[in-house]
$ cat input06.cif   # mmCIF, C-alpha atoms
data_protein
loop_
_atom_site.label_atom_id
_atom_site.label_comp_id
_atom_site.auth_asym_id
_atom_site.auth_seq_id
_atom_site.Cartn_x
_atom_site.Cartn_y
_atom_site.Cartn_z
CA MET T 1 12.22 -0.26 -16.95
CA ALA T 2 9.45 1.21 -19.12
CA THR T 3 10.33 -1.56 -21.60
CA TYR T 4 8.74 -3.99 -19.12
CA TYR T 5 4.99 -4.15 -19.65
CA ILE T 6 3.11 -5.65 -16.69
CA GLY T 7 -0.47 -6.89 -16.88
CA ALA T 8 -2.77 -7.50 -13.93
CA ASN T 9 -6.02 -9.45 -13.85
CA ASP T 10 -8.67 -9.92 -11.15
CA GLU T 11 -10.86 -12.98 -11.06
CA HIS T 12 -14.67 -12.72 -10.99
CA GLY T 13 -16.71 -9.56 -10.72
CA GLN T 14 -18.92 -7.07 -8.93
CA ASN T 15 -22.15 -5.37 -9.99
CA PRO T 16 -23.41 -8.07 -9.94
CA TYR T 17 -21.11 -10.16 -7.79
CA THR T 18 -20.17 -13.53 -9.26
CA LEU T 19 -22.44 -16.14 -7.70
CA GLY T 20 -20.76 -18.58 -5.33
CA LYS T 21 -17.47 -16.70 -5.09
CA ARG T 22 -17.98 -15.52 -1.53
CA THR T 23 -17.39 -16.29 2.12
CA PRO T 24 -19.92 -17.86 4.41
CA ILE T 25 -22.12 -15.29 6.15
CA MET T 26 -19.86 -13.08 8.25
CA PRO T 27 -21.05 -12.85 11.87
CA TYR T 28 -21.94 -9.42 13.27
CA LEU T 29 -22.40 -8.08 9.72
CA ASN T 30 -24.78 -10.82 8.51
CA VAL T 31 -23.53 -10.59 4.92
CA PRO T 32 -20.86 -12.48 2.97
CA PHE T 33 -17.69 -10.92 1.60
CA TYR T 34 -17.32 -11.55 -2.13
CA GLU T 35 -14.05 -12.67 -3.67
CA ASN T 36 -13.78 -9.71 -6.00
CA GLN T 37 -13.91 -7.36 -2.98
CA PHE T 38 -10.34 -8.57 -2.47
CA ASN T 39 -9.21 -9.31 -6.02
CA ARG T 40 -10.05 -5.98 -7.64
CA PRO T 41 -8.59 -3.51 -5.10
CA THR T 42 -5.48 -5.68 -4.71
CA LYS T 43 -5.01 -5.71 -8.48
CA ILE T 44 -5.34 -1.92 -8.55
CA LYS T 45 -2.81 -1.51 -5.74
CA PHE T 46 -0.43 -3.86 -7.57
CA LEU T 47 -0.68 -1.74 -10.72
CA GLU T 48 0.02 1.37 -8.62
CA ALA T 49 3.10 -0.32 -7.15
CA CYS T 50 4.32 -1.28 -10.63
CA LEU T 51 3.89 2.31 -11.83
CA ARG T 52 5.91 3.57 -8.88
CA CYS T 53 8.66 1.10 -9.77
CA GLY T 54 8.83 2.42 -13.33
CA PHE T 55 6.92 -0.26 -15.25
CA ALA T 56 4.33 0.25 -17.93
CA VAL T 57 1.05 -1.38 -16.88
CA TYR T 58 -2.10 -2.87 -18.38
CA ASP T 59 -5.37 -3.54 -16.54
CA VAL T 60 -6.83 -6.66 -18.15
CA LYS T 61 -10.32 -6.19 -16.67
CA PRO T 62 -11.06 -2.56 -15.81
CA GLU T 63 -14.82 -3.17 -15.77
CA LEU T 64 -16.60 -4.19 -12.55
CA THR T 65 -18.60 -6.97 -14.17
CA ASP T 66 -17.29 -10.49 -14.55
CA THR T 67 -15.68 -10.94 -17.94
CA SER T 68 -15.21 -14.24 -19.75
CA ILE T 69 -11.82 -15.90 -19.69
CA SER T 70 -11.76 -16.01 -23.49
CA THR T 71 -12.25 -12.24 -23.66
CA ARG T 72 -9.52 -11.62 -21.12
CA VAL T 73 -7.10 -14.01 -22.85
CA ALA T 74 -7.73 -12.26 -26.17
CA ARG T 75 -7.04 -8.87 -24.58
CA ILE T 76 -3.84 -10.15 -22.99
CA ASN T 77 -2.55 -11.73 -26.19
CA ARG T 78 -3.00 -8.47 -28.11
CA GLN T 79 -0.81 -6.55 -25.66
CA ASN T 80 2.56 -8.35 -25.94
CA LEU T 81 2.96 -8.20 -22.17
CA THR T 82 6.20 -9.00 -20.38
CA LEU T 83 4.22 -10.86 -17.76
CA LEU T 84 0.78 -11.21 -16.21
CA VAL T 85 -0.22 -11.47 -12.54
CA THR T 86 -3.73 -12.66 -11.66
CA PHE T 87 -5.29 -12.14 -8.23
CA GLY T 88 -7.73 -14.59 -6.67
CA TYR T 89 -8.71 -15.95 -3.26
CA ASN T 90 -8.95 -19.62 -2.36
CA ALA T 91 -11.78 -21.68 -0.88
CA PHE T 92 -12.23 -25.17 0.55
CA GLY T 93 -15.27 -27.32 1.13
CA SER T 94 -18.89 -26.42 0.46
CA GLY T 95 -18.33 -22.71 0.95
CA ASN T 96 -21.23 -22.49 3.38
CA THR T 97 -19.24 -22.90 6.59
CA PHE T 98 -15.83 -21.90 7.86
CA ASN T 99 -13.00 -24.42 8.19
CA SER T 100 -9.29 -24.56 8.98
CA ALA T 101 -7.85 -24.49 5.44
CA ALA T 102 -5.46 -21.53 5.34
CA GLY T 103 -2.41 -19.99 3.76
CA ILE T 104 -0.85 -18.44 0.66
CA SER T 105 -0.39 -20.22 -2.67
CA THR T 106 0.92 -19.17 -6.06
CA PHE T 107 0.33 -21.03 -9.30
CA TYR T 108 1.57 -21.39 -12.87
CA SER T 109 0.77 -23.64 -15.83
CA GLN T 110 3.06 -26.21 -17.36
CA GLN T 111 1.15 -25.65 -20.62
CA ASN T 112 2.17 -21.99 -20.81
CA VAL T 113 4.61 -21.30 -23.64
CA TYR T 114 6.92 -19.83 -20.99
CA ALA T 115 6.28 -22.49 -18.35
CA ALA T 116 9.73 -22.37 -16.71
CA GLN T 117 9.68 -18.58 -16.50
CA SER T 118 6.11 -18.62 -15.19
CA ARG T 119 7.16 -20.99 -12.44
CA ALA T 120 10.10 -18.71 -11.58
CA LEU T 121 7.76 -15.70 -11.33
CA ALA T 122 5.35 -17.66 -9.12
CA GLU T 123 8.25 -18.71 -6.89
CA ASP T 124 9.64 -15.17 -6.60
CA MET T 125 6.24 -13.73 -5.63
CA TYR T 126 5.62 -16.60 -3.21
CA GLU T 127 8.94 -15.97 -1.43
CA GLN T 128 8.18 -12.27 -1.07
CA LEU T 129 4.66 -12.96 0.19
CA LEU T 130 6.02 -15.31 2.86
CA ASN T 131 8.62 -12.75 3.90
CA GLY T 132 6.25 -9.80 3.90
CA THR T 133 3.09 -11.20 5.50
CA THR T 134 2.33 -13.25 8.60
CA GLN T 135 0.40 -15.88 6.64
CA ARG T 136 1.67 -19.43 6.35
CA GLY T 137 2.68 -20.81 3.00
CA ARG T 138 1.11 -23.64 1.06
CA GLY T 139 3.63 -23.68 -1.76
CA VAL T 140 3.92 -23.09 -5.50
CA SER T 141 1.83 -25.41 -7.67
CA ALA T 142 0.96 -26.09 -11.29
CA LEU T 143 -2.66 -25.79 -12.44
CA THR T 144 -4.33 -27.03 -15.61
CA ASP T 145 -7.31 -25.65 -17.54
CA ILE T 146 -6.82 -22.09 -16.25
CA GLY T 147 -6.91 -19.92 -19.35
CA VAL T 148 -5.10 -16.91 -17.91
CA LEU T 149 -2.22 -19.20 -16.99
CA GLN T 150 -1.93 -21.58 -19.94
CA SER T 151 -3.50 -19.81 -22.93
CA VAL T 152 -1.67 -16.48 -22.77
CA ASN T 153 1.43 -15.62 -24.79
CA CYS T 154 3.43 -14.27 -21.86
CA VAL T 155 4.85 -15.33 -18.51
CA SER T 156 1.87 -15.74 -16.16
CA ALA T 157 1.25 -16.52 -12.48
CA LEU T 158 -1.77 -16.61 -10.17
CA VAL T 159 -1.73 -15.48 -6.52
CA GLU T 160 -4.24 -16.72 -3.92
CA PRO T 161 -3.15 -15.27 -0.54
CA GLY T 162 -5.85 -16.74 1.68
CA PHE T 163 -9.04 -18.77 2.00
CA MET T 164 -12.53 -17.30 1.89
CA THR T 165 -13.66 -20.24 3.99
CA ASN T 166 -11.21 -19.51 6.82
CA PHE T 167 -12.78 -17.08 9.32
CA ASP T 168 -9.64 -15.04 10.01
CA GLU T 169 -8.51 -14.98 6.39
CA ALA T 170 -12.01 -14.04 5.24
CA LYS T 171 -11.76 -10.88 7.37
CA LEU T 172 -8.46 -10.06 5.65
CA MET T 173 -10.17 -9.94 2.27
CA ILE T 174 -11.47 -6.40 2.76
CA ASP T 175 -8.68 -5.13 5.01
CA PRO T 176 -7.13 -2.38 2.84
CA ASP T 177 -3.74 -2.89 4.48
CA TYR T 178 -3.70 -6.60 3.70
CA GLN T 179 -4.67 -5.79 0.12
CA THR T 180 -1.77 -3.33 -0.02
CA GLU T 181 0.61 -5.79 1.62
CA VAL T 182 -0.20 -8.52 -0.91
CA ALA T 183 0.02 -6.09 -3.83
CA GLU T 184 3.37 -4.70 -2.71
CA GLU T 185 4.94 -8.12 -2.08
CA CYS T 186 3.79 -9.29 -5.52
CA CYS T 187 5.38 -6.19 -7.07
CA ARG T 188 8.52 -6.89 -5.09
CA GLY T 189 8.48 -10.42 -6.52
CA VAL T 190 8.13 -9.02 -10.04
CA CYS T 191 11.15 -6.79 -9.39
CA VAL T 192 13.14 -9.79 -8.17
CA TYR T 193 12.14 -11.74 -11.26
CA LEU T 194 12.91 -8.95 -13.75
CA GLY T 195 15.86 -7.31 -11.97
CA PRO T 196 14.88 -3.66 -11.31
CA THR T 197 15.07 -2.26 -7.79
CA TYR T 198 11.81 -2.20 -5.87
CA VAL T 199 10.77 1.32 -4.79
CA PRO T 200 9.15 1.27 -1.31
CA ARG T 201 5.62 2.64 -1.08
CA ASP T 202 5.69 4.34 2.32
CA ASN T 203 8.80 6.49 1.85
CA LEU T 204 7.51 9.90 0.77
CA GLY T 205 11.03 10.77 -0.39
CA ASN T 206 10.42 8.46 -3.35
CA TYR T 207 7.63 10.70 -4.69
CA PRO T 208 8.52 13.79 -6.73
CA THR T 209 6.61 17.05 -6.41
CA LEU T 210 4.23 17.30 -9.36
CA ARG T 211 2.46 20.29 -10.86
CA ASN T 212 0.84 21.46 -14.06
CA GLY T 213 3.21 20.56 -16.90
CA SER T 214 4.79 17.53 -15.21
CA ASN T 215 5.04 14.25 -17.12
CA GLY T 216 6.01 10.65 -16.55
CA ASN T 217 5.20 7.55 -14.53
CA PHE T 218 4.48 9.38 -11.28
CA VAL T 219 1.94 11.58 -13.07
CA TYR T 220 0.42 8.38 -14.42
CA LEU T 221 0.37 7.03 -10.85
CA LEU T 222 -1.21 10.24 -9.55
CA GLN T 223 -3.90 10.12 -12.22
CA TYR T 224 -4.55 6.44 -11.59
CA ILE T 225 -5.08 7.02 -7.85
CA LEU T 226 -7.31 10.03 -8.50
CA SER T 227 -9.39 8.05 -10.98
CA GLN T 228 -9.85 5.29 -8.39
CA ASN T 229 -11.13 7.97 -6.03
CA GLY T 230 -13.84 8.92 -8.51
CA TYR T 231 -12.23 11.86 -10.31
CA ASN T 232 -12.90 11.91 -14.04
CA LEU T 233 -9.67 12.46 -15.95
CA THR T 234 -7.59 10.84 -18.66
CA VAL T 235 -4.79 8.65 -17.31
CA ASP T 236 -2.02 9.49 -19.76
CA GLY T 237 1.02 10.58 -17.71
CA SER T 238 0.61 14.25 -18.63
CA PHE T 239 -0.32 16.79 -15.91
CA GLY T 240 -2.68 19.15 -17.70
CA PRO T 241 -5.74 21.25 -16.77
CA ASN T 242 -8.04 18.28 -16.03
CA THR T 243 -5.46 16.72 -13.72
CA LEU T 244 -4.96 20.09 -12.03
CA ASN T 245 -8.70 20.40 -11.44
CA ALA T 246 -8.84 16.89 -10.00
CA VAL T 247 -5.91 17.56 -7.67
CA VAL T 248 -7.48 20.78 -6.41
CA ALA T 249 -10.80 18.98 -5.84
CA PHE T 250 -9.06 16.17 -3.98
CA GLN T 251 -7.10 18.61 -1.83
CA THR T 252 -10.24 20.56 -1.01
CA ALA T 253 -12.19 17.42 -0.12
CA ASN T 254 -9.44 16.27 2.24
CA GLY T 255 -8.62 19.49 4.06
CA LEU T 256 -5.34 20.19 2.25
CA VAL T 257 -4.01 23.43 0.82
CA ALA T 258 -5.78 23.51 -2.56
CA ASP T 259 -2.86 24.76 -4.64
CA GLY T 260 -2.85 22.03 -7.28
CA ILE T 261 0.73 21.07 -6.39
CA VAL T 262 1.28 17.45 -5.38
CA GLY T 263 3.88 17.53 -2.63
CA ALA T 264 4.48 15.37 0.43
CA ASN T 265 1.20 16.18 2.21
CA THR T 266 -0.91 15.47 -0.86
CA TRP T 267 0.99 12.24 -1.61
CA ARG T 268 0.57 11.16 2.03
CA THR T 269 -3.18 11.67 1.78
CA LEU T 270 -3.47 10.00 -1.63
CA LEU T 271 -1.71 6.96 -0.16
CA VAL T 272 -3.56 7.25 3.21
CA LEU T 273 -0.25 7.07 5.08
CA PRO T 274 0.35 7.90 8.74
CA PRO T 275 0.43 10.10 10.69
CA ARG T 276 -3.33 9.91 10.30
CA PRO T 277 -5.42 12.91 11.35
CA THR T 278 -7.88 12.77 14.22
CA VAL T 279 -11.34 12.20 12.74
CA ARG T 280 -14.77 12.47 14.32
CA GLN T 281 -18.43 12.67 13.40
CA GLY T 282 -18.98 15.14 10.57
CA ASP T 283 -15.59 14.57 8.94
CA ARG T 284 -15.16 13.31 5.39
CA GLY T 285 -12.40 12.10 3.11
CA VAL T 286 -10.05 9.25 2.36
CA TYR T 287 -9.01 8.73 5.99
CA VAL T 288 -12.64 8.29 7.01
CA ARG T 289 -13.14 5.81 4.19
CA TYR T 290 -10.02 3.92 5.31
CA LEU T 291 -11.36 3.85 8.88
CA GLN T 292 -14.66 2.45 7.63
CA GLN T 293 -12.87 -0.26 5.66
CA LYS T 294 -10.79 -1.25 8.68
CA LEU T 295 -13.81 -1.37 11.01
CA THR T 296 -15.81 -3.43 8.52
CA SER T 297 -12.91 -5.87 8.08
CA LYS T 298 -12.93 -6.28 11.87
CA LEU T 299 -16.71 -6.96 11.73
CA TYR T 300 -18.08 -3.73 13.17
CA PRO T 301 -21.24 -2.81 11.20
CA LEU T 302 -21.47 0.85 10.19
CA GLY T 303 -23.55 1.08 7.02
CA SER T 304 -22.00 2.32 3.79
CA ILE T 305 -18.26 2.69 3.23
CA ASP T 306 -18.63 6.17 1.78
CA GLY T 307 -15.99 8.38 3.40
CA ILE T 308 -18.60 10.18 5.51
CA PHE T 309 -18.29 9.94 9.31
CA GLY T 310 -21.96 9.69 10.26
CA ASN T 311 -23.91 8.09 13.09
CA GLY T 312 -23.24 4.54 11.91
CA THR T 313 -19.49 5.09 11.79
CA ARG T 314 -19.50 6.76 15.20
CA ASN T 315 -21.43 3.85 16.73
CA ALA T 316 -18.95 1.39 15.22
CA VAL T 317 -16.02 3.39 16.58
CA VAL T 318 -17.55 3.46 20.07
CA GLU T 319 -18.10 -0.32 19.97
CA PHE T 320 -14.54 -0.86 18.78
CA GLN T 321 -13.17 1.38 21.53
CA GLN T 322 -15.24 -0.36 24.21
CA GLU T 323 -14.03 -3.79 23.11
CA ASN T 324 -10.37 -2.75 22.86
CA GLY T 325 -9.83 -0.97 26.18
CA LEU T 326 -10.04 2.55 24.77
CA THR T 327 -12.04 5.59 25.90
CA PRO T 328 -15.37 5.18 24.04
CA ASP T 329 -15.70 8.79 22.87
CA GLY T 330 -16.25 8.08 19.18
CA ILE T 331 -13.19 10.15 18.26
CA VAL T 332 -10.40 8.44 16.31
CA GLY T 333 -7.10 9.79 17.60
CA PRO T 334 -3.62 8.24 17.83
CA LEU T 335 -4.51 5.43 20.28
CA THR T 336 -7.55 4.30 18.31
CA TRP T 337 -5.67 4.61 15.01
CA GLU T 338 -2.83 2.48 16.40
CA ILE T 339 -5.13 -0.44 17.18
CA VAL T 340 -7.64 -0.18 14.34
CA SER T 341 -4.92 0.07 11.69
CA ARG T 342 -3.37 -3.30 12.58
CA ILE T 343 -3.72 -5.99 9.94
CA GLY T 344 -6.07 -8.75 10.99
CA GLY T 345 -7.66 -9.28 14.35
CA GLY T 346 -11.11 -7.91 14.99
CA ARG T 347 -14.09 -9.62 16.49
CA PRO T 348 -13.84 -13.36 17.18
CA MET T 349 -16.15 -16.06 15.97
CA PRO T 350 -19.23 -15.86 18.26
#
$ encode --input "input06.cif" --output "structure tokens"
Amino acid sequence: MATYYIGANDEHGQNPYTLGKRTPIMPYLNVPFYENQFNRPTKIKFLEACLRCGFAVYDVKPELTDTSISTRVARINRQNLTLLVTFGYNAFGSGNTFNSAAGISTFYSQQNVYAAQSRALAEDMYEQLLNGTTQRGRGVSALTDIGVLQSVNCVSALVEPGFMTNFDEAKLMIDPDYQTEVAEECCRGVCVYLGPTYVPRDNLGNYPTLRNGSNGNFVYLLQYILSQNGYNLTVDGSFGPNTLNAVVAFQTANGLVADGIVGANTWRTLLVLPPRPTVRQGDRGVYVRYLQQKLTSKLYPLGSIDGIFGNGTRNAVVEFQQENGLTPDGIVGPLTWEIVSRIGGGRPMP
């Protein structure tokens, strides 16, 4: 499977955000969500899924800034990729108000040198997205004048799994579980298209124990996740001293045994899988950050998504508990986790 080389591309940028590529103002939060707040993390989660399934991967746009299509096409065409998947989010109308346009679409270009194969990839991902999400489908369509579809020298498809201008689908944009769901179903579609068996994300039995001296795709995956969590290390598939230091730092920051060995408990925390620990004011770590992302996606303002359970996060938890029939104690235990971790939902349009 390492002979398959999978590229992933995210449309638009952050820092600064691409102008116009955003939702209307989200009620309760009084800010818009920007398209790349969905595209980039979903691309990253797709690359992680591809690594787990044994593919070699290439991130077309690792930088946060928007990057020209011509630059991205040139990068892609130098890589001799097996295929490329681009992540975007749809919109309808002026973009200033919400409307009823909704659903998942995938796209390809009839001008691509591998047009028939690109359509097959788009169809395979579309089928998996319909099977694996609760969103309705809008179909598989051809687009023109989209450089990352028609001007690249590999099979290429674009995924747009929702509308920024639909209130409920706008909330999904920054739901980390919807991002993961879309990424995993797209990887599943790639596996259907290419033939290898998809390796499920949530089964910890699929993850080998890693330690200093380990090598291979799962080390690459480990390093990739650690780097996304802010740890400075080379992502090269070789578990050396720098990776060991990053693992120990991650384990320490998340209340794990800091032995530098990546077993089931460390993998569970890296992936933010259940059972999730009870968290309260004063706690820190990836589970707190996940909680903050979920609350924000459900339109509970809390300040910065920083992995620190401070006053703002506690106030948001209390409001969420009050509005969902839970004891408003500001402590996130099993009952609160069960409701807050659901995909979608959240506060209604006022």
$ residues_near_point --input "input06.cif" --point "(6.2, -18.0, -0.2)" --cutoff "10 Å" --atoms "only C-alpha atoms" --output "list in words"
Gly103, Ile104, Ser105, Thr106, Ala122, Glu123, Asp124, Met125, Tyr126, Glu127, Gln128, Leu129, Leu130, Asn131, Gly132, Thr133, Gln135, Arg136, Gly137, Arg138, Gly139, Val140 and Pro161 of chain T
$ closest_residue --input "input06.cif" --among "T:Tyr178, T:Phe250, T:Phe38, T:Phe163" --to "Arg342 in chain T" --atoms "only C-alpha atoms"
T:Tyr178
$ residues_around --input "input06.cif" --residues "Val60 in chain T" --least-positions-apart "2" --cutoff "7 Å" --atoms "all atoms listed in the file" --output "CSV table (one decimal) with C-alpha atoms, in the coordinates of the input"
chain,number,residue,atom,x,y,z
T,7,GLY,CA,-0.5,-6.9,-16.9
T,8,ALA,CA,-2.8,-7.5,-13.9
T,9,ASN,CA,-6.0,-9.4,-13.8
T,58,TYR,CA,-2.1,-2.9,-18.4
T,62,PRO,CA,-11.1,-2.6,-15.8
T,72,ARG,CA,-9.5,-11.6,-21.1
T,75,ARG,CA,-7.0,-8.9,-24.6
T,76,ILE,CA,-3.8,-10.2,-23.0
$ atom_distance --input "input06.cif" --atom1 "CA of Asn242 in chain T" --atom2 "CA of Arg289 in chain T"
24.3 Å
$ residues_around --input "input06.cif" --residues "Gly147 in chain T" --least-positions-apart "5" --cutoff "8 Å" --atoms "all atoms listed in the file" --output "ChimeraX atom specification"
/T:69-70,73,152
$ residues_around --input "input06.cif" --residues "range 25-37 of chain T" --least-positions-apart "3" --cutoff "10 Å" --atoms "all atoms listed in the file" --output "PyMOL selection string"
chain T and resi 10-14+17-22+40-43+64-66+87-91+95-98+163-164+167+170-171+173-175+179+296-303+347-350
$ residues_around --input "input06.cif" --residues "Pro241 in chain T" --least-positions-apart "2" --cutoff "12 Å" --atoms "all atoms listed in the file" --output "ChimeraX atom specification"
/T:211-214,233-234,238-239,243-248,260
$ closest_residue --input "input06.cif" --among "T:Asn166, T:Pro275, T:Asn215, T:Glu160" --to "Tyr108 in chain T" --atoms "only C-alpha atoms"
T:Glu160
$ closest_residue --input "input06.cif" --among "T:Gln223, T:Gln228, T:Asn217, T:Thr134" --to "Gly54 in chain T" --atoms "only C-alpha atoms"
T:Asn217
$ residues_around --input "input06.cif" --residues "Arg188 in chain T" --least-positions-apart "2" --cutoff "8 Å" --atoms "only C-alpha atoms" --output "list in words"
Met125, Gln128, Glu184, Glu185, Cys186, Val190, Cys191, Val192 and Tyr198 of chain T
$ atom_distance --input "input06.cif" --atom1 "CA of Ile44 in chain T" --atom2 "CA of Lys61 in chain T"
10.4 Å
$ atom_distance --input "input06.cif" --atom1 "CA of Tyr224 in chain T" --atom2 "CA of Gly285 in chain T"
17.6 Å
$ build_atoms --input "input06.cif" --residues "range 92-112 of chain T" --atoms "N, CA and C atoms" --output "PDB file, in the frame of the given file"
ATOM      1  N   PHE T  92     -12.289 -23.730   0.307  1.00  0.00           N
ATOM      2  CA  PHE T  92     -12.230 -25.170   0.550  1.00  0.00           C
ATOM      3  C   PHE T  92     -13.578 -25.615   1.099  1.00  0.00           C
ATOM      4  N   GLY T  93     -14.026 -26.765   0.633  1.00  0.00           N
ATOM      5  CA  GLY T  93     -15.270 -27.320   1.130  1.00  0.00           C
ATOM      6  C   GLY T  93     -16.478 -26.763   0.405  1.00  0.00           C
ATOM      7  N   SER T  94     -17.627 -26.830   1.072  1.00  0.00           N
ATOM      8  CA  SER T  94     -18.890 -26.420   0.460  1.00  0.00           C
ATOM      9  C   SER T  94     -18.993 -24.920   0.246  1.00  0.00           C
ATOM     10  N   GLY T  95     -18.233 -24.158   1.009  1.00  0.00           N
ATOM     11  CA  GLY T  95     -18.330 -22.710   0.950  1.00  0.00           C
ATOM     12  C   GLY T  95     -19.388 -22.125   1.858  1.00  0.00           C
ATOM     13  N   ASN T  96     -20.154 -22.982   2.519  1.00  0.00           N
ATOM     14  CA  ASN T  96     -21.230 -22.490   3.380  1.00  0.00           C
ATOM     15  C   ASN T  96     -20.820 -22.340   4.836  1.00  0.00           C
ATOM     16  N   THR T  97     -19.711 -22.981   5.211  1.00  0.00           N
ATOM     17  CA  THR T  97     -19.240 -22.900   6.590  1.00  0.00           C
ATOM     18  C   THR T  97     -17.735 -22.668   6.598  1.00  0.00           C
ATOM     19  N   PHE T  98     -17.257 -22.135   7.715  1.00  0.00           N
ATOM     20  CA  PHE T  98     -15.830 -21.900   7.860  1.00  0.00           C
ATOM     21  C   PHE T  98     -15.105 -23.182   8.237  1.00  0.00           C
ATOM     22  N   ASN T  99     -13.829 -23.277   7.834  1.00  0.00           N
ATOM     23  CA  ASN T  99     -13.000 -24.420   8.190  1.00  0.00           C
ATOM     24  C   ASN T  99     -11.571 -23.956   8.396  1.00  0.00           C
ATOM     25  N   SER T 100     -10.653 -24.901   8.584  1.00  0.00           N
ATOM     26  CA  SER T 100      -9.290 -24.560   8.980  1.00  0.00           C
ATOM     27  C   SER T 100      -8.317 -24.409   7.814  1.00  0.00           C
ATOM     28  N   ALA T 101      -8.746 -24.654   6.582  1.00  0.00           N
ATOM     29  CA  ALA T 101      -7.850 -24.490   5.440  1.00  0.00           C
ATOM     30  C   ALA T 101      -7.345 -23.050   5.387  1.00  0.00           C
ATOM     31  N   ALA T 102      -6.023 -22.879   5.237  1.00  0.00           N
ATOM     32  CA  ALA T 102      -5.460 -21.530   5.340  1.00  0.00           C
ATOM     33  C   ALA T 102      -4.146 -21.447   4.581  1.00  0.00           C
ATOM     34  N   GLY T 103      -3.738 -20.223   4.281  1.00  0.00           N
ATOM     35  CA  GLY T 103      -2.410 -19.990   3.760  1.00  0.00           C
ATOM     36  C   GLY T 103      -2.361 -19.435   2.341  1.00  0.00           C
ATOM     37  N   ILE T 104      -1.135 -19.073   1.949  1.00  0.00           N
ATOM     38  CA  ILE T 104      -0.850 -18.440   0.660  1.00  0.00           C
ATOM     39  C   ILE T 104      -0.356 -19.476  -0.340  1.00  0.00           C
ATOM     40  N   SER T 105      -0.863 -19.375  -1.564  1.00  0.00           N
ATOM     41  CA  SER T 105      -0.390 -20.220  -2.670  1.00  0.00           C
ATOM     42  C   SER T 105      -0.163 -19.346  -3.893  1.00  0.00           C
ATOM     43  N   THR T 106       0.794 -19.745  -4.718  1.00  0.00           N
ATOM     44  CA  THR T 106       0.920 -19.170  -6.060  1.00  0.00           C
ATOM     45  C   THR T 106       0.933 -20.316  -7.062  1.00  0.00           C
ATOM     46  N   PHE T 107       0.542 -19.996  -8.300  1.00  0.00           N
ATOM     47  CA  PHE T 107       0.330 -21.030  -9.300  1.00  0.00           C
ATOM     48  C   PHE T 107       0.877 -20.601 -10.658  1.00  0.00           C
ATOM     49  N   TYR T 108       1.168 -21.594 -11.485  1.00  0.00           N
ATOM     50  CA  TYR T 108       1.570 -21.390 -12.870  1.00  0.00           C
ATOM     51  C   TYR T 108       1.038 -22.564 -13.676  1.00  0.00           C
ATOM     52  N   SER T 109       1.215 -22.541 -14.979  1.00  0.00           N
ATOM     53  CA  SER T 109       0.770 -23.640 -15.830  1.00  0.00           C
ATOM     54  C   SER T 109       1.953 -24.233 -16.586  1.00  0.00           C
ATOM     55  N   GLN T 110       2.029 -25.533 -16.582  1.00  0.00           N
ATOM     56  CA  GLN T 110       3.060 -26.210 -17.360  1.00  0.00           C
ATOM     57  C   GLN T 110       2.756 -26.164 -18.851  1.00  0.00           C
ATOM     58  N   GLN T 111       1.513 -25.767 -19.212  1.00  0.00           N
ATOM     59  CA  GLN T 111       1.150 -25.650 -20.620  1.00  0.00           C
ATOM     60  C   GLN T 111       1.445 -24.255 -21.183  1.00  0.00           C
ATOM     61  N   ASN T 112       1.818 -23.322 -20.334  1.00  0.00           N
ATOM     62  CA  ASN T 112       2.170 -21.990 -20.810  1.00  0.00           C
ATOM     63  C   ASN T 112       3.411 -22.075 -21.695  1.00  0.00           C
TER      64      ASN T 112
END
